[in-house]
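Written out below as structure tokens is the structure these notes cover.
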Amino acid sequence: MRFLPSTEQREFARALDGLLTASDTPAVARAWAAGDHKPGRALWARLAEAGIFGLAVCARHGGMGLLPAELTVAFTELGRHVVPGPLVETVAAAAFLERLDAGSAAEWLPRIAAGEALVSLCADGPYALDADAADAVLVIEGDTVRRAEGHGPPQASLDPARRLFRPRGGTVLARGPAVTAAAAHALDIARLATAAQSLGLGRALLAQTVSHVTRRTQFGVPIGSFQAVKHRLADILIALEFAQPLVHGAALAAGARSAGREVAAAKVAAGEAGHAAARTALQLHGALGYTEEPALSLWIRKARPLRDAWGTPAECRRRVLAG
């Protein structure tokens with residue numbers, strides 16, 4: 001099996017990196033956290049033009065078919081640039097609708113692929129991400145899925161750019177074993193995309209921290225020359241290097257019987273690595289790491305919510321051990 005990105009995938013990553021760098025994503029994230037969705041929706045449209053949402057939509061509905069490997073490449077870049085919005089939830093909703101119902105798929109998948117619809121899928125607790133910005137909120141409860149008709153006020157979140165709402169009411173769209181099977185497939189896609197986001201987030205935090213410790217001096221020398229600092233950064237690099245092939249391997253296993261276990265393992269490794277990178281960045285940036293003014297805070301505050309979204313480390317470990 002090939003666990004390294006192909007030449008085309010690396011070119012895709014570079015193109016996304018250029019697009020996102022030019023889009024000033026920290027400013028977009030701050031606006032999103034304040035409830036201003038206009039910059040985020042504009043960026044969403046550019047991402048759709050780049051083909052990101054088409055990676056989770058079948059060709060007959062305007063996408064390119066489910067391409068998990070390319071999806072992980074894209075979401076690694078989205079994590080590296082702290083792009084806000086229900087990105088994971090939208091591609092998971094696309095996977096869910098594709099498996100569930102031809103009518104709903106025909107209604108929503110072309111709009112998702114074109115970047116015209118943000119869909120928040122709620123299947124991991126009582127809250128829906130960014131329900132105030134979404135064009136639809138789908139709530140899965142057991143073997144039933146409904147489309148919510150409203151939501152409560154935003155709830156407190158560790159990451160201000162991850163706005164949580166409790167969905168209310170709604171119309172039942174389907175129920176039965178088909179919902180359960182489609183939800184399991186959507187969960188795997190959501191975990192895979194979240195793992196890729198955590199991987200990208202961790203790499204961005206490591207790069208920013210390395211840059212900081214080479215500039216910051218103490219006792220007349222850069223603090224990056226201290227052995228204890230080198231060891232902390234080496235530990236993060238090893239954790240990220242360990243997580244990367246697990247993420248890529250899980251993408252290649254999509255559709256296989258072992259996919260759920262492999263995706264869960266990748267999510268544990270990438271989520272823990274990203275969270276460790278955030279803790280190290282916080283410590284090595286000193287007082288700067290505890291303030292919200294530097295853009296660094298956008299990455300630090302996102303690490304733990306990503307680690308726990310769509311399955312905490314304990315839940316994912318149980319999935320791996322369940323076989």
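Naming works like this for the structure tokens: A, B, ... for the chains as they're shown, residue 1 at the start of each chain, ligands 1 onward in shown order.
Surrounding stretch 13-18 of chain A within 9 Å are Glu8, Ser23, Leu47, Ala50, Val73, Ala74, Thr76, Glu77, Leu78, Arg80 and His81 of chain A, with only C-alpha atoms counted and residues fewer than 5 positions along the same chain left out.
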> So, counting only C-alpha atoms, which residue among A:Ala113, A:Leu237, A:Ala156, A:Ala251 is closest to A:Val210?
Replying inline: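 Checking each candidate against A:Val210, we get A:Leu237 as the closest.
Proximity of A:Ile140, A:Ala270, A:Leu282, A:Ala161 to A:Arg203, computed with only C-alpha atoms, is greatest for A:Ala270.
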>> Give me the residues near A:Ala253 as a list in words, where near means some atom within 10 Å (using only C-alpha atoms) and where sequence neighbours in that chain fewer than 3 positions away do not count.
In response: Met1, Pro68, Ala69, Val247, His248, Gly249, Ala250, Ala256, Arg257, Ser258, Ala259, Gly260, Arg261, Glu262 and Val263 of chain A
Selection above as a file: all heavy atoms, as a compact mmCIF listing (two decimals), in the first residue's frame:
```
# COMPACT_ATOMS: atom_id res chain seq x y z
N MET A 1 0.84 -1.20 0.00
CA MET A 1 0.00 0.00 0.00
C MET A 1 0.87 1.25 0.00
O MET A 1 1.96 1.26 0.57
CB MET A 1 -0.90 0.02 1.23
CG MET A 1 -1.90 -1.13 1.29
SD MET A 1 -2.91 -1.06 2.76
CE MET A 1 -3.90 0.39 2.40
N PRO A 68 -11.36 9.52 -0.65
CA PRO A 68 -10.88 9.74 0.72
C PRO A 68 -9.43 10.24 0.79
O PRO A 68 -9.10 11.05 1.65
CB PRO A 68 -11.03 8.37 1.38
CG PRO A 68 -12.08 7.68 0.57
CD PRO A 68 -11.88 8.16 -0.83
N ALA A 69 -8.56 9.74 -0.08
CA ALA A 69 -7.16 10.17 -0.02
C ALA A 69 -7.04 11.67 -0.32
O ALA A 69 -6.34 12.40 0.39
CB ALA A 69 -6.33 9.36 -1.01
N VAL A 247 -3.22 8.26 9.07
CA VAL A 247 -4.29 9.00 8.40
C VAL A 247 -4.39 8.60 6.93
O VAL A 247 -5.48 8.32 6.40
CB VAL A 247 -4.06 10.52 8.55
CG1 VAL A 247 -5.09 11.30 7.72
CG2 VAL A 247 -4.16 10.93 10.01
N HIS A 248 -3.25 8.56 6.25
CA HIS A 248 -3.26 8.20 4.84
C HIS A 248 -3.68 6.74 4.64
O HIS A 248 -4.40 6.41 3.70
CB HIS A 248 -1.89 8.45 4.22
CG HIS A 248 -1.55 9.89 4.14
ND1 HIS A 248 -0.27 10.36 3.91
CD2 HIS A 248 -2.31 11.00 4.27
CE1 HIS A 248 -0.27 11.67 3.90
NE2 HIS A 248 -1.50 12.09 4.12
N GLY A 249 -3.23 5.87 5.55
CA GLY A 249 -3.63 4.47 5.46
C GLY A 249 -5.12 4.29 5.67
O GLY A 249 -5.76 3.47 5.01
N ALA A 250 -5.69 5.05 6.60
CA ALA A 250 -7.13 4.98 6.83
C ALA A 250 -7.90 5.44 5.60
O ALA A 250 -8.96 4.89 5.27
CB ALA A 250 -7.51 5.84 8.05
N ALA A 256 -13.33 -0.69 3.04
CA ALA A 256 -12.98 -2.04 3.48
C ALA A 256 -13.65 -2.35 4.82
O ALA A 256 -14.10 -1.44 5.53
CB ALA A 256 -11.46 -2.18 3.61
N ARG A 257 -13.68 -3.61 5.18
CA ARG A 257 -14.33 -3.99 6.44
C ARG A 257 -13.60 -3.42 7.64
O ARG A 257 -14.18 -3.19 8.69
CB ARG A 257 -14.38 -5.51 6.55
CG ARG A 257 -15.32 -6.17 5.55
CD ARG A 257 -15.39 -7.66 5.75
NE ARG A 257 -15.92 -7.99 7.06
CZ ARG A 257 -16.00 -9.24 7.52
NH1 ARG A 257 -15.55 -10.24 6.80
NH2 ARG A 257 -16.50 -9.47 8.73
N SER A 258 -12.28 -3.20 7.49
CA SER A 258 -11.48 -2.69 8.61
C SER A 258 -11.47 -1.17 8.68
O SER A 258 -10.77 -0.60 9.53
CB SER A 258 -10.03 -3.18 8.47
OG SER A 258 -9.44 -2.65 7.28
N ALA A 259 -12.21 -0.48 7.80
CA ALA A 259 -12.12 0.97 7.71
C ALA A 259 -12.43 1.66 9.03
O ALA A 259 -11.72 2.60 9.42
CB ALA A 259 -13.06 1.48 6.62
N GLY A 260 -13.46 1.21 9.73
CA GLY A 260 -13.84 1.86 10.98
C GLY A 260 -12.72 1.83 12.01
O GLY A 260 -12.46 2.83 12.68
N ARG A 261 -12.05 0.70 12.13
CA ARG A 261 -10.94 0.59 13.09
C ARG A 261 -9.78 1.47 12.67
O ARG A 261 -9.16 2.13 13.51
CB ARG A 261 -10.50 -0.86 13.22
CG ARG A 261 -11.56 -1.80 13.77
CD ARG A 261 -10.95 -3.11 14.23
NE ARG A 261 -10.15 -3.75 13.21
CZ ARG A 261 -10.62 -4.55 12.26
NH1 ARG A 261 -11.93 -4.76 12.19
NH2 ARG A 261 -9.83 -5.12 11.38
N GLU A 262 -9.45 1.44 11.39
CA GLU A 262 -8.28 2.21 10.93
C GLU A 262 -8.53 3.71 11.04
O GLU A 262 -7.62 4.47 11.39
CB GLU A 262 -7.94 1.81 9.49
CG GLU A 262 -7.52 0.35 9.37
CD GLU A 262 -6.70 0.08 8.14
OE1 GLU A 262 -5.96 0.98 7.71
OE2 GLU A 262 -6.78 -1.04 7.62
N VAL A 263 -9.74 4.12 10.73
CA VAL A 263 -10.07 5.55 10.87
C VAL A 263 -10.01 5.95 12.34
O VAL A 263 -9.49 7.03 12.68
CB VAL A 263 -11.46 5.84 10.28
CG1 VAL A 263 -11.94 7.23 10.68
CG2 VAL A 263 -11.42 5.72 8.76
```
Pick out the residues sitting within 8 Å of A:Gly54, and hand them over as a short mmCIF file (atom, residue, chain, number, x, y, z; two decimals) with N, CA and C atoms, in the first residue's frame; count only C-alpha atoms, and ignore anything fewer than 5 positions along from it in its own chain.
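Below you can see selection_14.cif, which holds the result:
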```cif
data_model
loop_
_atom_site.label_atom_id
_atom_site.label_comp_id
_atom_site.auth_asym_id
_atom_site.auth_seq_id
_atom_site.Cartn_x
_atom_site.Cartn_y
_atom_site.Cartn_z
N ALA A 48 -14.96 25.58 -2.89
CA ALA A 48 -15.79 24.76 -3.77
C ALA A 48 -15.27 24.79 -5.20
N GLY A 62 -22.66 16.10 -9.56
CA GLY A 62 -21.76 17.24 -9.77
C GLY A 62 -20.42 17.15 -9.07
N GLY A 63 -20.14 16.02 -8.41
CA GLY A 63 -18.87 15.87 -7.72
C GLY A 63 -17.92 14.96 -8.47
N MET A 64 -16.91 14.50 -7.77
CA MET A 64 -15.90 13.62 -8.37
C MET A 64 -15.94 12.22 -7.78
N GLY A 65 -16.98 11.95 -6.98
CA GLY A 65 -17.03 10.67 -6.28
C GLY A 65 -16.28 10.79 -4.98
N ILE A 112 -24.13 21.11 -2.39
CA ILE A 112 -22.92 20.95 -1.56
C ILE A 112 -21.68 20.98 -2.44
N ALA A 113 -21.69 20.25 -3.55
CA ALA A 113 -20.53 20.21 -4.45
C ALA A 113 -20.20 21.59 -4.99
N ALA A 114 -21.24 22.39 -5.26
CA ALA A 114 -21.03 23.72 -5.82
C ALA A 114 -20.68 24.76 -4.77
#
```
> With distances taken over only C-alpha atoms, which of A:Gly202, A:Pro222, A:Gly255, A:Pro294 is nearest to A:Ile238?
Replying inline: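 Smallest separation from A:Ile238 among the options: A:Gly202.
For the set A:Ala269, A:Ala264, A:Ala136, A:Ala281, the residue with the smallest atom-to-atom gap to A:Ser198 is A:Ala269, counting only C-alpha atoms.
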>> as a PyMOL selection string, please: every residue in stretch 41-289 of chain A that a backbone DSSP assignment puts in alpha helix (DSSP H).
In response: chain A and resi 41-49+68-80+87-100+102-113+177-215+227-252+259-284
> Given the choices A:Ala309, A:Leu321, A:Ala183, A:Leu206, which gets closest to A:Arg279 if the distance is worked out from only C-alpha atoms?
Replying inline: A:Leu206
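For the set A:Leu121, A:Ile223, A:Leu97, A:Ala303, the residue with the smallest atom-to-atom gap to A:Ser211 is A:Ile223, counting only C-alpha atoms.
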>> List the spatial neighbours of A:Ser225 as a list of chain:residue names - criterion: any atom at most 12 Å away, only C-alpha atoms, same-chain residues fewer than 4 positions off excluded.
In response: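 Non-adjacent residues within range: A:Val210, A:His212, A:Val213, A:Thr214, A:Arg215, A:Arg216, A:Thr217, A:Gln218, A:Phe219, A:Gly220, A:Val221, A:Val229, A:Lys230, A:His231, A:Arg232, A:Leu233.
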